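Peer 1: Would you mind keeping the following structure in view while I ask a few things?
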Amino acid sequence: MRKKTLSLVALTGVTALGLAACGGGNASEDGTAGGGAAGGTTMRLALNQTEEHPSYIALDNFGERLSEATDGRWDVDVFPNETLGAQQEALQLVSDGTVDLAIVSGTQLENLNEDFLVFNLPKVFDDVDHQMKVIHDQEIVGDLYSSLEDSNNLTVLGGFTQGARSVYTTDGPVETPEDLAGKKLRVQESDLHIAMAEAMGAAATPMAYGEVYTALQSGVLDAAENNEVSFYTAKHFEVAPHWSYTNHLVGLDYLIINTDLLEGMSEEDRAIFDEEWQATYEEHTQLWDEATQEAIEQAKAGGATFTEVDSAAFDEPLSALADEFITNESQQALYDAARAAAE
Ligand code: GCU
């Protein structure tokens with residue numbers, strides 16, 4: 001870890017002062033509001049992952065490089081573990097300028113503009129490379145990424161893969177959708193993903209990420225779905241150790257920024273910011289495979305099991321979701337462009 005992030009106690013102090021008072025991002029590292037690094041601006045970034053997660057590592061490095069390349073005019077301080085709020089809240093805080101940047105799952109943006117749901121569909125991306133190619137192609141995503149600027153003061157900068165997501169359960173592994181019948185499966189807060197869980201045979205329970213461990217442990221949930229990296233780093237494997245490779249979705253996280261803040265950067269600094277952000281998502285993609293392998297090994301060592309499923313039995317109901325959820329021309333155009341890039 002590059003530097004100490006604010007302790008919870010210090011953070012509570014900042015919150016009490018009113019984070020909005022230092023809008024534009026000026027919390028210094030000792031937790032006092034107002035001072036930036038050497039007179040520059042330290043942007044606060046909300047993340048719901050631990051410090052071991054590739055997203056934290058890549059973003060922490062982003063801050064370091066950005067600060068160096070701008071002679072301290074801009075820096076990023078990453079707050080992990082939902083310390084600035086769960087994603088739904090973080091989205092709101094970035095929109096009103098209280099927090100500067102956040103990583104939010106695509107499911108959160110689907111709730112602001114339904115066109116985003118296209119990239120949250122099961123089976124829209126074949127793999128991580130395909131996904132990265134589509135989501136950083138400005139011809140495909142340019143209008144989508146600026147679509148929240150007027151309405152919500154949010155700009156989407158691009159994203160990180162969540163890798164392939166699969167189901168894991170508190171009791172034995174599943175092979176077919178029938179095995180999920182009556183099981184309470186946690187999904188992200190998205191109508192599409194509620195339907196996705198139902199298509200896989202389960203009863204959907206939408207919930208914030210940070211609540212999942214306890215809900216699995218206490219029996220509020222029987223199952224969840226995620227990638228191996230979260231399964232391990234969020235310790236879900238301890239309470240729901242039976243991983244079943246449904247591979248139902250290649251998930252997507254976005255980096256969002258407050259639009260006013262972004263527009264306040266000089267042209268020179270904006271160019272540096274864009275260049276360093278590109279290096280950041282490229283680094284994340286490189287870290288991803290290794291982190292996945294490491295997570296599988298560690299989870300196995302901790303008692304988790306990994307089992308194959310009857311893929312065709314899951315794929316068929318999941319493929320039908322695109323027809324059901326694509327309801328307008330802009331969604332269809334995004335879907336077609338994404339699929340064309342796979343061929
Ligand atoms: C992944 C993803 C997060 C998301 C989480 C979830 O870990 O990277 O952005 O919040 O899944 O299932 O909620």
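Lettering and numbering for the structure tokens are positional, with chains as A, B, ... in the shown order, residues counted from 1 in each chain, and ligands counted from 1 in the shown order.
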Kindly compile the residues surrounding ligand 1 within 7 Å, counting only C-alpha atoms and all ligand atoms, and format them as a short mmCIF file (atom, residue, chain, number, x, y, z; two decimals) with N, CA, C and O atoms, in the first residue's frame.
Peer 2:
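Dumped everything to result_39.cif:
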data_model
loop_
_atom_site.label_atom_id
_atom_site.label_comp_id
_atom_site.auth_asym_id
_atom_site.auth_seq_id
_atom_site.Cartn_x
_atom_site.Cartn_y
_atom_site.Cartn_z
N ASN A 48 -15.45 -0.56 -3.14
CA ASN A 48 -16.04 -1.50 -2.17
C ASN A 48 -15.19 -2.76 -1.99
O ASN A 48 -15.64 -3.72 -1.39
N GLN A 49 -13.98 -2.76 -2.53
CA GLN A 49 -13.11 -3.95 -2.41
C GLN A 49 -12.04 -3.74 -1.35
O GLN A 49 -11.78 -2.63 -0.93
N GLN A 87 -22.01 0.99 -3.03
CA GLN A 87 -21.98 1.60 -4.37
C GLN A 87 -23.15 2.53 -4.65
O GLN A 87 -22.98 3.58 -5.28
N ILE A 103 -15.69 3.51 -8.13
CA ILE A 103 -15.87 2.33 -8.98
C ILE A 103 -17.26 1.80 -8.66
O ILE A 103 -17.58 1.51 -7.49
N VAL A 104 -18.10 1.73 -9.68
CA VAL A 104 -19.43 1.16 -9.48
C VAL A 104 -19.69 0.10 -10.54
O VAL A 104 -19.23 0.19 -11.68
N SER A 105 -20.43 -0.90 -10.14
CA SER A 105 -20.78 -1.96 -11.06
C SER A 105 -21.76 -1.44 -12.11
O SER A 105 -22.55 -0.52 -11.83
N GLN A 162 -14.95 -7.49 -14.30
CA GLN A 162 -15.24 -8.28 -13.09
C GLN A 162 -15.00 -9.76 -13.39
O GLN A 162 -15.34 -10.61 -12.56
N VAL A 187 -28.27 -11.09 -5.56
CA VAL A 187 -27.84 -10.42 -6.80
C VAL A 187 -27.62 -8.95 -6.49
O VAL A 187 -28.01 -8.45 -5.44
N GLN A 188 -26.98 -8.24 -7.44
CA GLN A 188 -26.83 -6.80 -7.31
C GLN A 188 -28.20 -6.14 -7.51
O GLN A 188 -29.14 -6.78 -7.96
N ALA A 208 -26.62 -5.03 -1.19
CA ALA A 208 -25.30 -4.43 -1.39
C ALA A 208 -24.21 -5.46 -1.08
O ALA A 208 -24.39 -6.35 -0.24
N TYR A 209 -23.10 -5.31 -1.75
CA TYR A 209 -21.97 -6.26 -1.66
C TYR A 209 -21.52 -6.46 -0.21
O TYR A 209 -21.30 -7.59 0.23
N GLU A 225 -23.47 -14.86 -6.21
CA GLU A 225 -22.75 -15.07 -7.48
C GLU A 225 -21.74 -13.96 -7.62
O GLU A 225 -22.03 -12.81 -7.32
N ASN A 226 -20.54 -14.33 -8.02
CA ASN A 226 -19.49 -13.34 -8.19
C ASN A 226 -18.32 -13.98 -8.93
O ASN A 226 -18.43 -15.10 -9.43
N ASN A 227 -17.19 -13.24 -8.98
CA ASN A 227 -15.98 -13.83 -9.57
C ASN A 227 -15.13 -14.45 -8.44
O ASN A 227 -15.37 -14.19 -7.26
N SER A 230 -13.46 -11.90 -5.87
CA SER A 230 -14.32 -11.42 -4.78
C SER A 230 -14.69 -12.55 -3.83
O SER A 230 -14.76 -12.34 -2.61
N ASP A 253 -17.20 -3.32 -14.13
CA ASP A 253 -17.16 -2.16 -13.22
C ASP A 253 -16.79 -0.92 -14.02
O ASP A 253 -15.95 -1.00 -14.94
#
Peer 1: Going by DSSP on the backbone, which bits of range 298-342 of chain A are helix (DSSP H, G or I)? Write them as a PyMOL selection string, please.
Peer 2: chain A and resi 298-301+311-325+329-340
Peer 1: What does the distance from CA of Met196 in chain A to CA of Pro122 in chain A come to in Å, to one decimal?
Peer 2: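 Distance between the two atoms: 7.8 Å.
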Peer 1: Report as an NGL selection string all protein, DNA and RNA residues lying within 8 Å of Leu66 in chain A, evaluated on only C-alpha atoms, omitting residues in the same chain fewer than 2 positions from it.
Peer 2: :A and (62-64 or 68-70 or 72 or 74-76 or 272-273 or 276)
Peer 1: Per DSSP on the backbone, what are the strand (DSSP E) residues of range 281-331 of chain A, as a PyMOL selection string?
Peer 2: chain A and resi 305-308
Peer 1: Quick one: distance from CA of Gly303 in chain A to CA of Lys235 in chain A in Å, one decimal?
Peer 2: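 Going from CA of Gly303 in chain A over to CA of Lys235 in chain A covers 11.7 Å.
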Peer 1: Looking at A:Glu228, A:Asp129, A:Ser147, A:Lys184, which one is nearest to Val212 in chain A, with distances taken over only C-alpha atoms?
Peer 2: A:Lys184
Peer 1: Let me make sure I understand: among A:Asp323, A:Asp179, A:Phe79, A:Thr107, which one has the smallest atom-to-atom distance to Met207 in chain A if we use only C-alpha atoms?
Peer 2: A:Thr107
Peer 1: Tell me, as a PyMOL selection string, which residues lie within 6 Å of Lys183 in chain A, counting only C-alpha atoms; anything in the same chain fewer than 5 positions away does not count.
Peer 2: chain A and resi 202-203+222
Peer 1: Can you tell me how far CA of Gln278 in chain A sits from CA of Asp60 in chain A, in Å to one decimal?
Peer 2: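 Calculated distance between CA of Gln278 in chain A and CA of Asp60 in chain A is 14.0 Å.
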Peer 1: Residues within 10 Å of Phe119 in chain A, please, as a PDB file with N, CA, C and O atoms, in the first residue's frame. Count only C-alpha atoms; anything in the same chain fewer than 5 positions from it doesn't count.
Peer 2:
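Below is the file that was written, part35.pdb:
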ATOM      1  N   GLY A 106     -21.734  -2.034 -13.290  1.00  0.00           N
ATOM      2  CA  GLY A 106     -22.652  -1.628 -14.356  1.00  0.00           C
ATOM      3  C   GLY A 106     -24.106  -1.646 -13.929  1.00  0.00           C
ATOM      4  O   GLY A 106     -24.919  -0.843 -14.407  1.00  0.00           O
ATOM      5  N   THR A 107     -24.433  -2.523 -13.005  1.00  0.00           N
ATOM      6  CA  THR A 107     -25.822  -2.620 -12.535  1.00  0.00           C
ATOM      7  C   THR A 107     -26.302  -1.312 -11.921  1.00  0.00           C
ATOM      8  O   THR A 107     -27.473  -0.974 -12.017  1.00  0.00           O
ATOM      9  N   GLU A 110     -27.232   1.114 -14.768  1.00  0.00           N
ATOM     10  CA  GLU A 110     -28.474   0.674 -15.428  1.00  0.00           C
ATOM     11  C   GLU A 110     -29.692   1.345 -14.777  1.00  0.00           C
ATOM     12  O   GLU A 110     -30.693   1.600 -15.435  1.00  0.00           O
ATOM     13  N   VAL A 124     -23.410 -11.257 -23.245  1.00  0.00           N
ATOM     14  CA  VAL A 124     -23.113 -10.196 -24.219  1.00  0.00           C
ATOM     15  C   VAL A 124     -21.620 -10.166 -24.528  1.00  0.00           C
ATOM     16  O   VAL A 124     -21.213  -9.899 -25.657  1.00  0.00           O
ATOM     17  N   PHE A 125     -20.797 -10.468 -23.524  1.00  0.00           N
ATOM     18  CA  PHE A 125     -19.346 -10.538 -23.749  1.00  0.00           C
ATOM     19  C   PHE A 125     -18.890 -11.995 -23.689  1.00  0.00           C
ATOM     20  O   PHE A 125     -19.284 -12.733 -22.787  1.00  0.00           O
ATOM     21  N   GLN A 131     -14.669  -7.965 -23.908  1.00  0.00           N
ATOM     22  CA  GLN A 131     -15.304  -6.912 -23.115  1.00  0.00           C
ATOM     23  C   GLN A 131     -14.464  -5.628 -23.107  1.00  0.00           C
ATOM     24  O   GLN A 131     -14.974  -4.522 -23.323  1.00  0.00           O
ATOM     25  N   VAL A 134     -14.659  -3.696 -26.380  1.00  0.00           N
ATOM     26  CA  VAL A 134     -15.927  -2.980 -26.583  1.00  0.00           C
ATOM     27  C   VAL A 134     -16.017  -1.750 -25.678  1.00  0.00           C
ATOM     28  O   VAL A 134     -16.349  -0.653 -26.132  1.00  0.00           O
ATOM     29  N   ILE A 135     -15.688  -1.927 -24.411  1.00  0.00           N
ATOM     30  CA  ILE A 135     -16.014  -0.844 -23.464  1.00  0.00           C
ATOM     31  C   ILE A 135     -15.013   0.313 -23.507  1.00  0.00           C
ATOM     32  O   ILE A 135     -15.223   1.334 -22.878  1.00  0.00           O
ATOM     33  N   LEU A 249     -21.979 -14.767 -16.674  1.00  0.00           N
ATOM     34  CA  LEU A 249     -21.855 -13.346 -17.005  1.00  0.00           C
ATOM     35  C   LEU A 249     -20.399 -12.914 -16.909  1.00  0.00           C
ATOM     36  O   LEU A 249     -19.714 -13.299 -15.969  1.00  0.00           O
ATOM     37  N   VAL A 250     -19.932 -12.092 -17.860  1.00  0.00           N
ATOM     38  CA  VAL A 250     -18.655 -11.400 -17.656  1.00  0.00           C
ATOM     39  C   VAL A 250     -19.029 -10.003 -17.151  1.00  0.00           C
ATOM     40  O   VAL A 250     -19.557  -9.179 -17.891  1.00  0.00           O
ATOM     41  N   GLY A 251     -18.801  -9.786 -15.876  1.00  0.00           N
ATOM     42  CA  GLY A 251     -19.276  -8.551 -15.226  1.00  0.00           C
ATOM     43  C   GLY A 251     -18.370  -7.364 -15.517  1.00  0.00           C
ATOM     44  O   GLY A 251     -17.234  -7.511 -15.961  1.00  0.00           O
ATOM     45  N   LEU A 252     -18.901  -6.181 -15.237  1.00  0.00           N
ATOM     46  CA  LEU A 252     -18.204  -4.951 -15.610  1.00  0.00           C
ATOM     47  C   LEU A 252     -18.330  -3.890 -14.520  1.00  0.00           C
ATOM     48  O   LEU A 252     -19.424  -3.603 -14.045  1.00  0.00           O
ATOM     49  N   GLN A 331     -30.379   0.638 -27.222  1.00  0.00           N
ATOM     50  CA  GLN A 331     -29.905  -0.609 -26.597  1.00  0.00           C
ATOM     51  C   GLN A 331     -29.548  -1.635 -27.672  1.00  0.00           C
ATOM     52  O   GLN A 331     -28.522  -2.307 -27.596  1.00  0.00           O
ATOM     53  N   LEU A 334     -26.225  -0.807 -29.266  1.00  0.00           N
ATOM     54  CA  LEU A 334     -25.094  -1.166 -28.398  1.00  0.00           C
ATOM     55  C   LEU A 334     -24.874  -2.679 -28.406  1.00  0.00           C
ATOM     56  O   LEU A 334     -23.738  -3.162 -28.470  1.00  0.00           O
ATOM     57  N   TYR A 335     -25.968  -3.407 -28.332  1.00  0.00           N
ATOM     58  CA  TYR A 335     -25.878  -4.873 -28.317  1.00  0.00           C
ATOM     59  C   TYR A 335     -25.247  -5.376 -29.627  1.00  0.00           C
ATOM     60  O   TYR A 335     -24.324  -6.196 -29.610  1.00  0.00           O
ATOM     61  N   ALA A 338     -21.577  -4.561 -29.771  1.00  0.00           N
ATOM     62  CA  ALA A 338     -20.800  -5.432 -28.875  1.00  0.00           C
ATOM     63  C   ALA A 338     -20.642  -6.814 -29.491  1.00  0.00           C
ATOM     64  O   ALA A 338     -19.543  -7.384 -29.511  1.00  0.00           O
TER      65      ALA A 338
END
Peer 1: Leaving out Gly142 in chain A and any residue of its chain fewer than 5 positions from it, which residues lie within 10 Å of it when counting only C-alpha atoms, given as a ChimeraX atom specification?
Peer 2: /A:135-137,147,156-158
Peer 1: Have a look at A:Thr170, A:Gln108, A:Gln88, A:Thr155 and name the one nearest to Ile257 in chain A; count only C-alpha atoms.
Peer 2: A:Thr155
Peer 1: Mind checking which residues fall within 7 Å of range 279-288 of chain A, counting only C-alpha atoms, ignoring those fewer than 2 positions away in the same chain, and posting them as a count of residues only?
Peer 2: 13
